[in-house]
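Here's the structure, in structure tokens; my notes come after.
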Amino acid sequence: MQEFLESVKHGTPFYPFQIYHMDIRPFTGIVNYHWHPELEILLIQEGVLTVVDNQVTRKGSPGDLFFIMPEHLHAMRASEGRVRYEAFLFPLSFLSFALFDDVQSRYLAPLIQKKLLFPAHVTGKEQLSQIFEQISAENAAKAPAYQLATKTLLLSALCRMFRENLFIPAKDSKTEVSQEHLNLLREILTYLSDNHRRPLSLEEVAGQFHLSPKYFSRFFRQNFGKTFTEYLNDYRILQACELLSDTDETVLSIALSCGFENVSYFIRRFKGAIGCTPGEYRKSRRS
């Protein structure tokens with residue numbers, strides 16, 4: 001399951017904090033399913049972002065915040081038009097104190113131990129959003145003690161969230177998915193990733209996980225929001241987009257290497273999804 005578990009190190013060992021400035025467009029602007037051990041906070045700056053977090057789909061507008069808990073399987077995509085957002089990633093232990101004082105015991109430990117959960121989607125909290133804008137500015141300018149400023153601002157954000165009762169006791173959460181269920185989803189995604197270059201049928205994948213084709217088809221759509229065939233074709237097209245951008249392989253070679261047995265079908269699917277032919281897409285990426 002390693003492809004969907006991010007191996008990227010966010011920040012450095014002494015400053016494990018990273019901000020990613022994202023600018024994405026419909027379809028090609030997809031951050032595919034993945035998970036990581038860090039907390040991820042998204043601040044929407046422009047457009048409408050669709051976030052799938054632990055199989056729950058939500059849409060966010062400028063000023064909205066999303067909090068994605070460690071180990072959650074999640075994906076992001078542009079709903080319509082251009083979307084700009086910032087992603088803040090760090091382990092919750094980044095905020096810990098060396099001394100196990102009252103702050104650590106009452107506020108930070110329950111978050112680190114997942115006894116308290118971050119709200120998945122926060123909207124209409126302008127002052128909270130402004131704190132993350134300040135964090136972004138500090139890390140861009142890198143003035144002396146910006147790391148200290150970052151920690152101070154993050155703790156300020158937590159304080160505001162506690163005062164506004166935004167955290168959710170784990171026992172009251174209705175959206176947490178069992179670890180067994182998450183592991184199955186991760187294994188399915190990894191199997192598709194490992195085998196998408198060859199012919200792949202719903203019956204084969206269902207059998208791989210000891211499920212009937214009928215049950216697997218329903219299960220897949222309920223959990224990924226697409227049919228098995230739609231997801232597989234979209235995944236293959238995204239892989240083709242990367243090859244068209246980064247290599248000089250022929251369209252035929254790319255179609256075959258991405259699992260399409262018929263180049264005409266590949267071109268038709270590609271145009272339907274992207275809005276142009278593979279050749280036009282390659283030219284636009286290199287102009």
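We label chains A, B, ... in the order they appear in the structure tokens, count residues from 1 in each chain, and number ligands from 1 in the order shown.
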
Counting only C-alpha atoms, what is within 10 Å of A:Ala206, bar same-chain residues fewer than 3 positions away, as a list in words?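 The contact residues come out as Ile188, Ser201, Leu202, Glu203, Phe209, His210, Leu211, Ser212, Pro213, Lys214, Tyr215, Phe216, Ser217 and Phe220 of chain A.
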
Filtering to N, CA and C atoms, could you give me those residues as a PDB file, in the first residue's frame?
ATOM      1  N   ILE A 188      -7.466  -1.920  -2.015  1.00  0.00           N
ATOM      2  CA  ILE A 188      -8.112  -1.863  -3.334  1.00  0.00           C
ATOM      3  C   ILE A 188      -7.420  -0.827  -4.211  1.00  0.00           C
ATOM      4  N   SER A 201     -10.522  -6.415 -14.879  1.00  0.00           N
ATOM      5  CA  SER A 201     -11.982  -6.470 -14.830  1.00  0.00           C
ATOM      6  C   SER A 201     -12.479  -6.342 -13.395  1.00  0.00           C
ATOM      7  N   LEU A 202     -13.721  -5.925 -13.279  1.00  0.00           N
ATOM      8  CA  LEU A 202     -14.347  -5.823 -11.959  1.00  0.00           C
ATOM      9  C   LEU A 202     -14.366  -7.194 -11.293  1.00  0.00           C
ATOM     10  N   GLU A 203     -14.633  -8.242 -12.086  1.00  0.00           N
ATOM     11  CA  GLU A 203     -14.708  -9.599 -11.535  1.00  0.00           C
ATOM     12  C   GLU A 203     -13.363 -10.022 -10.932  1.00  0.00           C
ATOM     13  N   PHE A 209     -10.383  -9.736  -3.550  1.00  0.00           N
ATOM     14  CA  PHE A 209     -10.733  -9.380  -2.171  1.00  0.00           C
ATOM     15  C   PHE A 209     -11.880 -10.241  -1.623  1.00  0.00           C
ATOM     16  N   HIS A 210     -12.110 -11.374  -2.299  1.00  0.00           N
ATOM     17  CA  HIS A 210     -13.082 -12.376  -1.844  1.00  0.00           C
ATOM     18  C   HIS A 210     -14.480 -11.788  -1.689  1.00  0.00           C
ATOM     19  N   LEU A 211     -14.856 -10.946  -2.661  1.00  0.00           N
ATOM     20  CA  LEU A 211     -16.183 -10.332  -2.670  1.00  0.00           C
ATOM     21  C   LEU A 211     -16.886 -10.695  -3.962  1.00  0.00           C
ATOM     22  N   SER A 212     -18.213 -10.761  -3.928  1.00  0.00           N
ATOM     23  CA  SER A 212     -18.954 -11.021  -5.160  1.00  0.00           C
ATOM     24  C   SER A 212     -18.903  -9.777  -6.038  1.00  0.00           C
ATOM     25  N   PRO A 213     -18.915  -9.928  -7.372  1.00  0.00           N
ATOM     26  CA  PRO A 213     -18.885  -8.758  -8.256  1.00  0.00           C
ATOM     27  C   PRO A 213     -20.007  -7.763  -7.957  1.00  0.00           C
ATOM     28  N   LYS A 214     -21.191  -8.240  -7.666  1.00  0.00           N
ATOM     29  CA  LYS A 214     -22.324  -7.350  -7.396  1.00  0.00           C
ATOM     30  C   LYS A 214     -22.087  -6.530  -6.135  1.00  0.00           C
ATOM     31  N   TYR A 215     -21.634  -7.194  -5.075  1.00  0.00           N
ATOM     32  CA  TYR A 215     -21.373  -6.478  -3.824  1.00  0.00           C
ATOM     33  C   TYR A 215     -20.211  -5.505  -4.004  1.00  0.00           C
ATOM     34  N   PHE A 216     -19.148  -5.971  -4.673  1.00  0.00           N
ATOM     35  CA  PHE A 216     -17.967  -5.127  -4.863  1.00  0.00           C
ATOM     36  C   PHE A 216     -18.320  -3.874  -5.667  1.00  0.00           C
ATOM     37  N   SER A 217     -19.146  -4.028  -6.708  1.00  0.00           N
ATOM     38  CA  SER A 217     -19.546  -2.888  -7.527  1.00  0.00           C
ATOM     39  C   SER A 217     -20.261  -1.832  -6.685  1.00  0.00           C
ATOM     40  N   PHE A 220     -17.756  -0.295  -4.090  1.00  0.00           N
ATOM     41  CA  PHE A 220     -16.800   0.625  -4.715  1.00  0.00           C
ATOM     42  C   PHE A 220     -17.444   1.988  -4.944  1.00  0.00           C
TER      43      PHE A 220
END

Excluding A:Glu133 and residues on its chain fewer than 5 positions from it, collect all residues at most 10 Å away from it, counting only C-alpha atoms, and give them as a count of residues only. 7

Using only C-alpha atoms, pick whichever of A:Pro91, A:Gly225, A:Pro26, A:Pro119 has the shortest atom-to-atom distance to A:Leu238.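 Among the listed residues, A:Pro26 lies closest to A:Leu238.
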